[in-house]
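Chemist: Sharing query08.txt, compact mmCIF, C-alpha atoms:
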# COMPACT_ATOMS: atom_id res chain seq x y z
CA MET A 1 99.15 -18.67 -49.77
CA ALA A 2 100.66 -22.15 -49.71
CA ALA A 3 101.79 -21.55 -46.13
CA SER A 4 98.30 -20.45 -45.14
CA SER A 5 96.82 -23.61 -46.65
CA ARG A 6 99.31 -25.76 -44.76
CA ASN A 7 98.50 -23.92 -41.55
CA ALA A 8 94.80 -24.41 -42.12
CA ARG A 9 95.29 -28.11 -42.77
CA GLU A 10 97.43 -28.42 -39.65
CA ALA A 11 94.86 -26.58 -37.57
CA LYS A 12 92.13 -28.81 -38.95
CA ARG A 13 94.19 -31.91 -38.14
CA ARG A 14 94.73 -30.71 -34.57
CA VAL A 15 91.00 -30.07 -34.19
CA GLN A 16 90.24 -33.56 -35.48
CA GLN A 17 92.77 -35.08 -33.07
CA MET A 18 91.27 -33.15 -30.19
CA GLU A 19 87.77 -34.23 -31.18
CA ALA A 20 88.98 -37.82 -31.43
CA ARG A 21 90.53 -37.61 -27.96
CA ARG A 22 87.35 -36.06 -26.57
CA GLY A 23 85.31 -38.82 -28.14
CA LEU A 24 87.66 -41.43 -26.69
CA ARG A 25 87.31 -39.86 -23.24
CA ARG A 26 83.53 -39.88 -23.58
CA ASP A 27 83.60 -43.55 -24.51
CA GLN A 28 85.94 -44.31 -21.63
CA ASP A 29 83.67 -42.43 -19.21
CA LYS A 30 80.67 -44.37 -20.48
CA ARG A 31 82.49 -47.68 -20.08
CA ARG A 32 83.69 -46.69 -16.62
CA LYS A 33 80.16 -45.77 -15.53
CA ARG A 34 78.82 -48.98 -17.02
CA ASP A 35 81.54 -51.00 -15.27
CA ASN A 36 80.79 -49.21 -12.01
CA VAL A 37 77.10 -50.02 -12.34
CA LEU A 38 78.00 -53.62 -13.09
CA ALA A 39 80.34 -53.74 -10.11
CA ILE A 40 77.64 -52.27 -7.87
CA SER A 41 75.14 -54.79 -9.23
CA VAL A 42 77.55 -57.66 -8.66
CA GLY A 43 78.30 -56.30 -5.19
CA ALA A 44 74.60 -56.04 -4.38
CA GLY A 45 74.12 -59.54 -5.70
CA ALA A 46 76.95 -60.80 -3.54
CA ILE A 47 75.47 -59.10 -0.48
CA ALA A 48 72.06 -60.57 -1.24
CA LEU A 49 73.62 -64.00 -1.76
CA ALA A 50 75.54 -63.69 1.49
CA LEU A 51 72.34 -62.82 3.34
CA ILE A 52 70.51 -65.73 1.72
CA LEU A 53 73.34 -68.06 2.69
CA GLN A 54 73.36 -66.66 6.21
CA LEU A 55 69.65 -67.23 6.58
CA THR A 56 69.91 -70.67 5.00
CA VAL A 57 72.69 -71.69 7.35
CA PHE A 58 70.54 -70.32 10.15
CA SER A 59 68.40 -73.41 9.65
CA SER A 60 67.40 -75.13 12.87
CA ASN A 61 69.43 -72.98 15.30
CA PRO A 62 72.13 -70.43 14.54
CA THR A 63 75.77 -71.23 15.20
CA GLU A 64 77.76 -68.98 17.51
CA GLU A 65 79.20 -67.08 14.53
CA GLU A 66 75.80 -66.73 12.88
CA PHE A 67 74.38 -65.56 16.18
CA ALA A 68 76.95 -62.76 16.32
CA ALA A 69 76.33 -61.86 12.68
CA ALA A 70 72.61 -61.81 13.25
CA GLN A 71 72.98 -59.47 16.19
CA GLU A 72 74.89 -57.09 13.96
CA GLY A 73 72.88 -57.30 10.77
CA LEU A 74 69.45 -58.85 11.09
CA LYS A 75 66.51 -56.61 11.91
CA SER A 76 63.20 -57.43 13.53
CA PRO A 77 60.85 -59.22 11.14
CA SER A 78 58.48 -56.91 9.33
CA ALA A 79 54.92 -57.45 8.28
CA SER A 80 56.08 -57.83 4.69
CA ALA A 81 57.95 -60.99 5.66
CA THR A 82 54.63 -62.72 6.40
CA PRO A 83 53.32 -64.78 3.46
CA THR A 84 50.24 -63.26 1.84
CA ALA A 85 48.54 -66.64 1.91
CA SER A 86 49.11 -69.03 4.82
CA PRO A 87 50.56 -72.36 3.67
CA THR A 88 48.74 -75.47 4.80
CA ASN A 89 50.23 -78.54 6.44
CA ALA A 90 50.24 -81.89 4.69
CA GLY A 91 47.90 -84.66 5.73
CA ASN A 92 50.62 -86.45 7.71
CA ILE A 93 50.79 -83.55 10.18
CA PRO A 94 48.41 -83.97 13.17
CA LYS A 95 45.78 -81.30 13.70
CA PRO A 96 46.39 -78.77 16.46
CA ASP A 97 42.99 -79.46 18.03
CA THR A 98 44.29 -82.86 19.19
CA ALA A 99 46.48 -80.97 21.68
CA ALA A 100 44.70 -77.65 22.14
CA GLY A 101 44.18 -76.82 25.82
CA LYS A 102 46.05 -79.92 26.98
CA THR A 103 49.28 -80.39 28.91
CA PHE A 104 51.39 -83.46 28.14
CA THR A 105 53.94 -84.75 30.64
CA GLY A 106 56.47 -87.50 30.23
CA GLU A 107 60.11 -88.49 29.95
CA LEU A 108 62.85 -88.05 27.42
CA ALA A 109 65.26 -90.89 28.13
CA LEU A 110 68.76 -90.32 26.77
CA ASN A 111 71.67 -92.74 26.98
CA ARG A 112 73.20 -90.20 29.38
CA GLY A 113 70.19 -89.88 31.70
CA THR A 114 66.48 -89.10 31.79
CA LEU A 115 64.71 -85.75 31.62
CA GLY A 116 61.20 -85.02 32.83
CA VAL A 117 59.36 -82.92 30.25
CA GLU A 118 56.12 -81.00 29.86
CA LEU A 119 54.53 -79.81 26.60
CA ASP A 120 52.05 -76.94 26.53
CA GLY A 121 49.14 -77.52 24.16
CA THR A 122 47.53 -74.24 25.17
CA LYS A 123 50.34 -71.95 24.04
CA ALA A 124 51.61 -74.19 21.23
CA PRO A 125 48.84 -76.59 20.16
CA GLN A 126 50.26 -77.44 16.74
CA ALA A 127 53.74 -78.13 18.08
CA ALA A 128 52.43 -80.13 21.02
CA ALA A 129 50.25 -82.20 18.67
CA VAL A 130 53.24 -82.96 16.45
CA PHE A 131 55.57 -84.06 19.22
CA LYS A 132 52.88 -86.07 21.00
CA SER A 133 52.15 -87.88 17.73
CA LEU A 134 55.84 -88.57 17.00
CA ALA A 135 56.45 -89.74 20.56
CA ASP A 136 53.47 -92.10 20.37
CA GLN A 137 54.92 -93.59 17.17
CA ASN A 138 58.31 -94.18 18.88
CA PHE A 139 59.79 -92.02 16.12
CA TYR A 140 62.62 -90.77 18.33
CA LYS A 141 63.85 -94.14 19.60
CA GLY A 142 67.49 -94.53 18.54
CA LEU A 143 67.86 -91.05 17.04
CA SER A 144 70.74 -88.84 18.11
CA CYS A 145 71.22 -85.43 19.63
CA HIS A 146 73.63 -84.37 16.95
CA ARG A 147 74.42 -80.80 17.96
CA LEU A 148 75.69 -79.07 21.08
CA THR A 149 76.53 -75.40 21.55
CA THR A 150 78.59 -74.15 24.47
CA ALA A 151 79.02 -70.41 23.82
CA GLU A 152 78.56 -68.05 26.76
CA SER A 153 75.01 -66.99 25.86
CA PHE A 154 74.08 -69.79 23.48
CA GLY A 155 73.68 -73.20 25.12
CA VAL A 156 71.47 -75.79 23.45
CA LEU A 157 71.37 -79.51 22.74
CA GLN A 158 69.59 -80.27 19.48
CA CYS A 159 67.96 -83.63 18.76
CA GLY A 160 65.56 -85.45 16.48
CA SER A 161 67.13 -85.38 13.02
CA LYS A 162 65.93 -88.44 11.13
CA SER A 163 69.17 -88.56 9.15
CA GLY A 164 71.31 -87.85 12.21
CA ASP A 165 73.21 -85.02 10.56
CA GLY A 166 70.83 -82.14 11.24
CA SER A 167 69.24 -82.01 7.80
CA SER A 168 65.47 -81.62 7.73
CA ASP A 169 62.97 -84.18 6.51
CA GLN A 170 61.23 -82.49 3.59
CA SER A 171 58.32 -84.93 3.78
CA TYR A 172 57.49 -83.72 7.29
CA THR A 173 57.37 -79.94 7.60
CA TRP A 174 54.74 -77.83 9.28
CA GLY A 175 53.74 -74.49 10.80
CA PRO A 176 52.89 -71.94 11.91
CA LEU A 177 55.19 -70.50 14.56
CA GLU A 178 53.68 -70.47 18.05
CA ASN A 179 54.64 -69.03 21.42
CA THR A 180 57.83 -67.34 20.18
CA PRO A 181 59.60 -65.10 22.73
CA ALA A 182 59.10 -61.41 21.98
CA ASP A 183 62.49 -60.62 23.53
CA ASN A 184 64.36 -63.49 21.77
CA LYS A 185 65.30 -64.92 25.18
CA TYR A 186 65.04 -68.67 25.83
CA PRO A 187 65.49 -69.48 29.54
CA ALA A 188 67.28 -72.59 30.74
CA GLY A 189 64.95 -75.57 30.58
CA THR A 190 63.11 -74.39 27.45
CA ILE A 191 62.18 -76.97 24.83
CA ALA A 192 61.79 -75.32 21.42
CA VAL A 193 61.31 -76.40 17.82
CA ALA A 194 64.19 -76.27 15.35
CA ARG A 195 63.26 -75.14 11.85
CA THR A 196 64.51 -74.01 8.48
CA SER A 197 65.54 -70.36 8.68
CA GLY A 198 63.25 -67.70 7.27
CA ASN A 199 60.34 -70.14 7.01
CA ALA A 200 57.44 -70.09 9.45
CA PHE A 201 56.32 -73.43 8.01
CA GLY A 202 59.82 -74.94 8.16
CA ASN A 203 59.34 -76.78 11.48
CA GLY A 204 59.96 -80.52 11.43
CA THR A 205 60.91 -83.33 13.79
CA GLN A 206 63.86 -81.62 15.44
CA PHE A 207 63.81 -79.84 18.78
CA PHE A 208 66.38 -78.23 21.04
CA ILE A 209 66.79 -78.20 24.79
CA VAL A 210 68.13 -74.97 26.26
CA TYR A 211 70.40 -75.82 29.21
CA LYS A 212 71.42 -72.25 30.07
CA ASP A 213 69.80 -68.87 29.43
CA THR A 214 70.17 -68.24 25.71
CA VAL A 215 69.42 -65.43 23.27
CA ILE A 216 68.57 -66.36 19.67
CA PRO A 217 67.68 -63.44 17.38
CA ALA A 218 64.51 -63.78 15.34
CA ASP A 219 64.99 -64.11 11.59
CA ALA A 220 62.75 -62.97 8.73
CA ALA A 221 60.03 -65.43 9.77
CA GLY A 222 60.20 -64.76 13.51
CA GLY A 223 61.48 -66.70 16.50
CA TYR A 224 61.40 -70.37 17.44
CA THR A 225 58.31 -72.09 18.80
CA VAL A 226 58.56 -72.84 22.51
CA VAL A 227 56.62 -76.06 22.95
CA GLY A 228 57.44 -76.92 26.53
CA LYS A 229 60.01 -77.20 29.29
CA VAL A 230 62.26 -79.59 31.17
CA THR A 231 60.77 -80.29 34.59
CA SER A 232 63.62 -82.44 35.93
CA GLY A 233 67.00 -83.78 34.89
CA LEU A 234 68.40 -80.65 33.25
CA ASP A 235 71.67 -81.54 34.99
CA VAL A 236 71.94 -84.40 32.50
CA VAL A 237 72.24 -81.92 29.65
CA ASN A 238 74.62 -79.78 31.68
CA GLY A 239 76.81 -82.85 32.10
CA ILE A 240 76.77 -83.47 28.34
CA ALA A 241 77.72 -79.82 27.77
CA ALA A 242 80.52 -80.00 30.34
CA ALA A 243 82.19 -82.76 28.32
CA GLY A 244 82.35 -80.32 25.42
CA VAL A 245 82.13 -80.29 21.66
CA THR A 246 84.05 -82.70 19.44
CA PRO A 247 87.28 -80.92 18.44
CA GLY A 248 88.28 -80.31 14.85
CA GLY A 249 85.00 -78.83 13.65
CA ALA A 250 84.27 -75.38 12.26
CA SER A 251 83.68 -73.99 15.76
CA ALA A 252 85.09 -74.84 19.16
CA THR A 253 81.69 -74.15 20.75
CA ASP A 254 79.28 -75.63 18.18
CA GLY A 255 79.32 -79.17 16.89
CA ALA A 256 78.71 -82.78 17.85
CA PRO A 257 78.90 -83.59 21.57
CA VAL A 258 82.14 -85.25 22.69
CA GLU A 259 79.99 -87.88 24.38
CA PRO A 260 77.60 -89.27 21.72
CA VAL A 261 73.98 -88.73 22.77
CA THR A 262 71.11 -90.92 21.61
CA ILE A 263 67.44 -91.08 22.53
CA ASP A 264 66.35 -94.33 24.18
CA SER A 265 62.70 -93.31 24.37
CA PHE A 266 60.35 -90.33 24.39
CA SER A 267 57.06 -90.88 26.16
CA LEU A 268 54.18 -88.45 26.72
CA LYS A 269 50.77 -88.82 28.30
Is it possible to express this structure as structure tokens?
Modeler:
Amino acid sequence: MAASSRNAREAKRRVQQMEARRGLRRDQDKRRKRDNVLAISVGAGAIALALILQLTVFSSNPTEEEFAAAQEGLKSPSASATPTASPTNAGNIPKPDTAAGKTFTGELALNRGTLGVELDGTKAPQAAAVFKSLADQNFYKGLSCHRLTTAESFGVLQCGSKSGDGSSDQSYTWGPLENTPADNKYPAGTIAVARTSGNAFGNGTQFFIVYKDTVIPADAAGGYTVVGKVTSGLDVVNGIAAAGVTPGGASATDGAPVEPVTIDSFSLK
């Protein structure tokens, strides 16, 4: 009888140990699932952050590396990317009707040579109005062309940053996008508007001159406004590009021009 009691107690102890181990496994499984969910959430957050950073860095024009990444990962903008209510431009932005239906011609005089230019107020009235107004104010005199890209299918010279380092002037932003290429192709001689990435109302004072046929993928907001073209002197920009990009930067094909480029004047009539 005593032996039977001991056996019963031992059996009960084994059952309790087994139940305890089962409970521990259940708790471990729950923690593992919770940790997995957390890891997935953190991973998703990291991916979202990476995309945000990619689009943020895409500001103005994409670098060669961002261009390649965009080709791989970015998709065509969807209707949902369009704001539900169109933002309005501030009072310091000229009205598009001041340029609508007009063609402005003139010269962009750089310290390296002069380009003949033409702005199209029919296809891009808001952009043409902005650049005509800034040119009339001599805004560009003394500013630099701070960025040059020399990749095989990405060749632009970017100018017009008030600070000289490519950052945008938050007191002077405008939209909407106009005359953006449906095929993302920007032929040599194109003059287009640099902007903050993912923002159709992120245009500012900066523009870029395409000196060889270039492909720039659209981002969430769309493409880049083509405001006009170079009518003469594109060889000046080709000469700047031939000198190359200042070594030591993040990219061998994207950075400041070896030969510093400044704007002597920008006149339109």
Chemist: Please measure the separation of CA of Ala128 in chain A and CA of Asp169 in chain A, giving the value in Å to one decimal.
Modeler: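 One can read the CA of Ala128 in chain A to CA of Asp169 in chain A distance as 18.4 Å.
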Chemist: List the spatial neighbours of Pro187 in chain A as a ChimeraX atom specification - criterion: any atom at most 9 Å away, only C-alpha atoms, same-chain residues fewer than 6 positions off excluded.
Modeler: /A:210-215
Chemist: Just how far from CA of Leu177 in chain A is CA of Ala200 in chain A, in Å to one decimal?
Modeler: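 Atom-to-atom, CA of Ala200 in chain A to CA of Leu177 in chain A, that is 5.6 Å.
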Chemist: Grab the CA of Val261 in chain A to CA of Asn111 in chain A distance for me, in Å with one decimal place.
Modeler: 6.3 Å
Chemist: Using only C-alpha atoms, which of the listed residues (A:Asn138, A:Asn89, A:Thr180, A:Thr103) sits closest to Pro217 in chain A?
Modeler: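 Closest candidate: A:Thr180.
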Chemist: Measuring atom to atom with all atoms listed in the file, identify which of A:Thr173, A:Phe104, A:Gly249, A:Thr114 is nearest to Asp235 in chain A.
Modeler: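 Selected residue with least distance to Asp235 in chain A: A:Thr114.
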Chemist: When you look at Ser265 in chain A with a cut-off of 12 Å (counting only C-alpha atoms), what residues show up, excluding the ones that are within fewer than 5 positions of it in the same chain? I need them as an NGL selection string.
Modeler: :A and (106-111 or 113-116 or 134-144 or 160)
Chemist: For Val226 in chain A, which of A:Asp120, A:Glu152, A:Asp183, A:Asp264 is the closest residue, counting only C-alpha atoms?
Modeler: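 Of A:Asp120, A:Glu152, A:Asp183, A:Asp264, the one nearest Val226 in chain A is A:Asp120, counting only C-alpha atoms.
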Chemist: Please determine, counting only C-alpha atoms, which residue among A:Lys162, A:His146, A:Lys269, A:Arg112 has the shortest atom-to-atom distance to Thr205 in chain A.
Modeler: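 Ranking A:Lys162, A:His146, A:Lys269, A:Arg112 by distance to Thr205 in chain A, first place goes to A:Lys162.
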Chemist: Give as a PyMOL selection string each residue that has an atom at most 12 Å from (64.0, -78.6, 20.0) in the file, counting only C-alpha atoms.
Modeler: chain A and resi 60-61+119+127-128+131+145-148+156-161+166+186+189-195+203-211+224-230
Chemist: Using all atoms listed in the file, pick whichever of A:Ile93, A:Ala188, A:Gly101, A:Leu268 has the shortest atom-to-atom distance to Gly233 in chain A.
Modeler: A:Ala188
Chemist: Of the residues A:Ala100, A:Ala90, A:Val117, A:Ile263, which is the one nearest to Thr231 in chain A, using all atoms listed in the file?
Modeler: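 Closest residue, counting all atoms listed in the file: A:Val117.
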